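Each remark here refers to the structure printed beneath this line.
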Amino acid sequence: MRLSYPANIKIIQVPCTGRVDIIHLMSALEDGADGVYVAGCLEGECHYLEGNYKAKRKVAYVKNVLTELGIEPERVAMYNLSSAQGARFAEIANDMVKQIRDLGPTPVR
Amino acid sequence: MIVADRKSLEEILGMVADREKILILGCKGCVTVCNVGGLKEAEILASTVRIARKKEGKPVEVAHRVLERQCDNEYVTQLADTVADYDAVVSMACGVGPQFLSEMYPDQVFFPAVNTTFFGGAVQHGVWEERCAGCGACGIHLFGGLCPIARCAKSLLHGPCGGSANGICEVHKDTACIWDAIVKKKMDTGHLEDLVAVKPFKDWRTARDGGPRRSIREELVKGNI
């Protein structure tokens with residue numbers, strides 16, 4: 001495909017987004033990440049049935065924490081796409097980077 | 001189990017605003033089961049406090065740990081070697097935890113991170129309801145297994161009040177009138193006449209009205225059996 005996406009995204013692979021925990025998202029933010037997003041499978045197509053739904057709820061939880069702390073909740077996001085959607089992967093990466101650039105650097109330094 | 005709700009971040013952050021080295025202390029008992037103060041919640045709160053303080057430009061050192069139970073001195077002593085290393089300890093246990101800790105370590109400050117609410121259980125994932133008021137003289141069997149002391153807003157013993165409508169208590173639209181449920185159950189099981197029996201005045205001295213309570217098991221005081 002030879003698609004490009006922003007180089008400032010650090011990818012952490014997990015077997016299923018159900019493995020992502022609240023503390024993983026929090027730790028990234030605590031360590032100064034300007035934003036964190038979870039790229040899970042399409043809703044209804046989780047191989048483990050509901051891993052991506054669990055991740056979605058965890059992302060929502062962290063958004064609430066950020067709101068309570070006066071930090072933009074948009075710094076955390078959940079996206080859904082299939083492993084066959086390479087073009088969509090690059091598009092999401094670009095969207096997220098643009099969104100975070102618009103918000104500016106994290107206030108957590 | 002004892003059910004609790006976490007205090008708001010604003011309140012917790014306010015408690016430790018001038019502290020620079022904090023321990024967030026979870027409990028593996030009831031508060032772990034009701035997802036409010038176990039290891040996972042302690043870890044998340046520790047991270048949250050660090051993020052909040054970094055944002056304010058006042059970084060703080062926050063450690064987290066969990067004890068088997070904070071209501072047992074056997075486990076509270078496990079903190080002896082490290083408790084003095086912190087400016088403050090935030091306990092995520094029920095109200096018993098911070099008190100056992102304060103009694104054992106009088107020189108340390110212990111802040112409660114949760115509001116202890118009631119004795120109850122989960123009726124669905126994420127929803128807990130009160131079932132026991134700890135009155136000290138259980139008579140659940142007299143009411144079809146449904147406790148009017150804990151579950152009737154007025155703790156009535158002889159039937160519903162005028163505020164019961166369509167099985168709902170007038171106090172809150174989400175609160176069932178437990179007397180409505182008791183009567184229905186007695187009718188369904190053919191034991192409605194049980195409710196005709198007049199109950200004597202309830203002796204509230206076994207409840208909180210008699211002051212702080214103490215339970216002594218002589219055989220255990222003498223040693224393990």
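We label chains A, B, ... in the order they appear in the structure tokens, count residues from 1 in each chain, and number ligands from 1 in the order shown.
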
Residues of stretch 41-96 of chain A classed as helix (DSSP H, G or I) by DSSP on the backbone are to be reported as a count of residues only. 32

Each residue of stretch 7-109 of chain B lying at most 10 Å from stretch 57-74 of chain A should get a row with its shortest atom-to-atom pair and the distance in Å to one decimal, counting only C-alpha atoms; could you produce that, ordered by chain and increasing number, as a Markdown table?
```
| residue | atom | partner | partner_atom | distance |
| --- | --- | --- | --- | --- |
| B:Ser8 | CA | A:Glu68 | CA | 8.7 |
| B:Leu9 | CA | A:Glu68 | CA | 7.2 |
| B:Glu10 | CA | A:Glu68 | CA | 7.9 |
| B:Leu13 | CA | A:Leu69 | CA | 10.0 |
| B:Ile44 | CA | A:Val62 | CA | 9.8 |
| B:Leu45 | CA | A:Val65 | CA | 9.8 |
| B:Thr48 | CA | A:Val65 | CA | 7.6 |
| B:Val49 | CA | A:Leu69 | CA | 9.3 |
| B:Ile51 | CA | A:Leu69 | CA | 8.4 |
| B:Ala52 | CA | A:Leu69 | CA | 6.2 |
| B:Arg53 | CA | A:Leu69 | CA | 9.7 |
| B:Lys55 | CA | A:Ile71 | CA | 8.7 |
```

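Across the structure, atom CA of A:Asn94 and atom CA of A:Gly51 are spaced 24.6 Å apart.
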
Quick one: residues within 7 Å of stretch 27-32 of chain B, only C-alpha atoms, excluding same-chain residues fewer than 4 positions away - as a PyMOL selection string? chain B and resi 1-4+36-38+66-70+92-94

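One distance worth recording is that between atom CA of A:Cys16 and atom CA of A:Asn52, which is 7.5 Å.
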
Contacts of B:Pro160 at 8 Å or less, counting only C-alpha atoms, minus same-chain residues fewer than 3 places along, as a PyMOL selection string? chain B and resi 156+163-164+177+179-180

Would you mind exporting the chosen residues as a PDB file, in the first residue's frame, restricted to N, CA and C atoms?
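Writing done, so here's out.pdb:
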```pdb
ATOM      1  N   LEU B 156     -40.585   0.321  59.403  1.00  0.00           N
ATOM      2  CA  LEU B 156     -41.863  -0.105  60.000  1.00  0.00           C
ATOM      3  C   LEU B 156     -41.895  -1.622  60.175  1.00  0.00           C
ATOM      4  N   GLY B 163     -47.384   6.135  52.229  1.00  0.00           N
ATOM      5  CA  GLY B 163     -46.539   6.627  51.130  1.00  0.00           C
ATOM      6  C   GLY B 163     -46.200   5.552  50.113  1.00  0.00           C
ATOM      7  N   SER B 164     -46.815   4.371  50.294  1.00  0.00           N
ATOM      8  CA  SER B 164     -46.548   3.273  49.355  1.00  0.00           C
ATOM      9  C   SER B 164     -47.561   3.331  48.210  1.00  0.00           C
ATOM     10  N   CYS B 177     -41.156  -0.350  47.657  1.00  0.00           N
ATOM     11  CA  CYS B 177     -41.727  -0.395  49.004  1.00  0.00           C
ATOM     12  C   CYS B 177     -41.538  -1.831  49.453  1.00  0.00           C
ATOM     13  N   TRP B 179     -42.445  -3.249  52.104  1.00  0.00           N
ATOM     14  CA  TRP B 179     -43.649  -3.826  52.711  1.00  0.00           C
ATOM     15  C   TRP B 179     -44.598  -4.352  51.647  1.00  0.00           C
ATOM     16  N   ASP B 180     -44.650  -3.685  50.519  1.00  0.00           N
ATOM     17  CA  ASP B 180     -45.456  -4.171  49.398  1.00  0.00           C
ATOM     18  C   ASP B 180     -44.938  -5.557  48.988  1.00  0.00           C
TER      19      ASP B 180
END
```

Could you tell me how far atom CA of B:Arg65 sits from atom CA of A:Val108, in Å to one decimal place? 23.8 Å

Measuring between only C-alpha atoms, which one of B:Glu56, B:Glu130, B:Asp5, B:Glu218 shows the shortest distance to chain A? B:Glu56

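Nearest to A:Ser83 of all the residues A:Ile11, A:Ala39, A:Leu29, A:Val97 is A:Ala39, counting only C-alpha atoms.
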
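The smallest atom-to-atom distance between chain B and any of A:Leu3, A:Ala33, A:Ala93, A:Leu81, using only C-alpha atoms, is found for A:Ala33.
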
Could you pull out the strand (DSSP E) residues of stretch 5-206 of chain B, going by DSSP on the backbone, and write them as a PyMOL selection string? chain B and resi 5-6+21-27+61-67+88-91+110-112+114-124+127-132+164-165+168-169

Kindly export the residues of the current selection with C-alpha atoms, as a compact mmCIF listing (two decimals), in the first residue's frame.
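As a result, again.txt now contains:
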```
# COMPACT_ATOMS: atom_id res chain seq x y z
CA ASP B 5 -18.34 5.07 46.94
CA ARG B 6 -15.15 6.86 46.00
CA LYS B 21 5.00 11.93 49.31
CA ILE B 22 1.79 9.93 49.53
CA LEU B 23 0.80 6.31 49.88
CA ILE B 24 -2.53 5.22 48.41
CA LEU B 25 -3.54 2.17 50.42
CA GLY B 26 -6.15 -0.24 49.09
CA CYS B 27 -7.87 -3.10 50.90
CA GLU B 61 5.56 11.11 44.73
CA VAL B 62 2.69 8.63 45.00
CA ALA B 63 3.06 4.97 45.81
CA HIS B 64 0.25 2.46 45.99
CA ARG B 65 -0.17 -0.75 47.92
CA VAL B 66 -2.95 -3.04 49.06
CA LEU B 67 -3.37 -4.81 52.39
CA ALA B 88 0.26 11.15 54.29
CA VAL B 89 -1.57 7.91 53.63
CA VAL B 90 -4.84 7.82 51.69
CA SER B 91 -6.89 4.79 52.68
CA PHE B 110 -4.68 8.90 57.21
CA PHE B 111 -7.19 10.37 54.79
CA PRO B 112 -10.31 8.47 53.68
CA VAL B 114 -14.13 6.64 50.03
CA ASN B 115 -17.48 7.33 51.64
CA THR B 116 -18.72 4.17 53.36
CA THR B 117 -22.40 3.81 52.62
CA PHE B 118 -24.09 0.55 53.69
CA PHE B 119 -24.13 -3.24 54.13
CA GLY B 120 -25.45 -4.67 50.92
CA GLY B 121 -24.79 -6.55 47.73
CA ALA B 122 -24.67 -6.19 43.95
CA VAL B 123 -28.07 -6.60 42.31
CA GLN B 124 -26.44 -6.25 38.90
CA VAL B 127 -25.38 -1.57 41.09
CA TRP B 128 -25.36 -2.20 44.84
CA GLU B 129 -28.30 -2.06 47.21
CA GLU B 130 -28.66 -1.90 50.97
CA ARG B 131 -29.87 -5.09 52.63
CA CYS B 132 -28.86 -4.89 56.28
CA SER B 164 -46.55 3.27 49.35
CA ALA B 165 -47.97 3.46 45.83
CA ILE B 168 -42.86 2.15 45.11
CA CYS B 169 -41.76 4.10 48.18
```

Would you mind listing what lies within 12 Å of A:Met1 as a ChimeraX atom specification, with only C-alpha atoms counted and same-chain residues fewer than 5 positions away left out? /A:84-90

Dump of C-alpha atoms for the selected residues, as a PDB file, in the first residue's frame:
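Wrote again-v4.pdb, looks like this:
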```pdb
ATOM      1  CA  ALA A  84      -7.838  -5.194   6.274  1.00  0.00           C
ATOM      2  CA  GLN A  85      -8.385  -1.432   6.404  1.00  0.00           C
ATOM      3  CA  GLY A  86      -4.834  -0.155   5.965  1.00  0.00           C
ATOM      4  CA  ALA A  87      -5.982   3.089   4.379  1.00  0.00           C
ATOM      5  CA  ARG A  88      -8.364   3.728   7.280  1.00  0.00           C
ATOM      6  CA  PHE A  89      -5.510   3.074   9.742  1.00  0.00           C
ATOM      7  CA  ALA A  90      -3.440   5.835   8.143  1.00  0.00           C
TER       8      ALA A  90
END
```

Chain A residues within 7 Å of chain B, counting only C-alpha atoms: which ones, as an NGL selection string? :A and (23 or 26-27 or 30 or 69 or 107-109)

Residues of the last selection are to be written out with N, CA and C atoms, as a PDB file, in the first residue's frame.
```pdb
ATOM      1  N   ILE A  23      -5.180   1.700  33.488  1.00  0.00           N
ATOM      2  CA  ILE A  23      -3.870   2.167  33.959  1.00  0.00           C
ATOM      3  C   ILE A  23      -2.882   2.328  32.803  1.00  0.00           C
ATOM      4  N   MET A  26      -3.684   5.701  31.381  1.00  0.00           N
ATOM      5  CA  MET A  26      -3.287   6.718  32.368  1.00  0.00           C
ATOM      6  C   MET A  26      -1.766   6.872  32.400  1.00  0.00           C
ATOM      7  N   SER A  27      -1.057   5.730  32.367  1.00  0.00           N
ATOM      8  CA  SER A  27       0.411   5.787  32.446  1.00  0.00           C
ATOM      9  C   SER A  27       0.990   6.548  31.260  1.00  0.00           C
ATOM     10  N   GLU A  30       0.391  10.107  31.939  1.00  0.00           N
ATOM     11  CA  GLU A  30       1.235  10.534  33.052  1.00  0.00           C
ATOM     12  C   GLU A  30       2.673  10.749  32.589  1.00  0.00           C
ATOM     13  N   LEU A  69     -10.205  16.371  35.879  1.00  0.00           N
ATOM     14  CA  LEU A  69      -8.926  17.024  36.161  1.00  0.00           C
ATOM     15  C   LEU A  69      -8.741  18.309  35.345  1.00  0.00           C
ATOM     16  N   PRO A 107      -0.824  19.339  29.190  1.00  0.00           N
ATOM     17  CA  PRO A 107      -0.469  20.143  30.374  1.00  0.00           C
ATOM     18  C   PRO A 107       0.231  19.303  31.443  1.00  0.00           C
ATOM     19  N   VAL A 108       0.356  17.999  31.169  1.00  0.00           N
ATOM     20  CA  VAL A 108       0.990  17.092  32.144  1.00  0.00           C
ATOM     21  C   VAL A 108       2.457  16.913  31.755  1.00  0.00           C
ATOM     22  N   ARG A 109       3.310  17.702  32.350  1.00  0.00           N
ATOM     23  CA  ARG A 109       4.747  17.624  32.022  1.00  0.00           C
ATOM     24  C   ARG A 109       5.570  17.440  33.276  1.00  0.00           C
TER      25      ARG A 109
END
```

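Restricting the calculation to only C-alpha atoms, the smallest distance between A:Gly104 and any of A:Leu49, A:Ile12, A:Lys54, A:Gly35 is found for A:Gly35.
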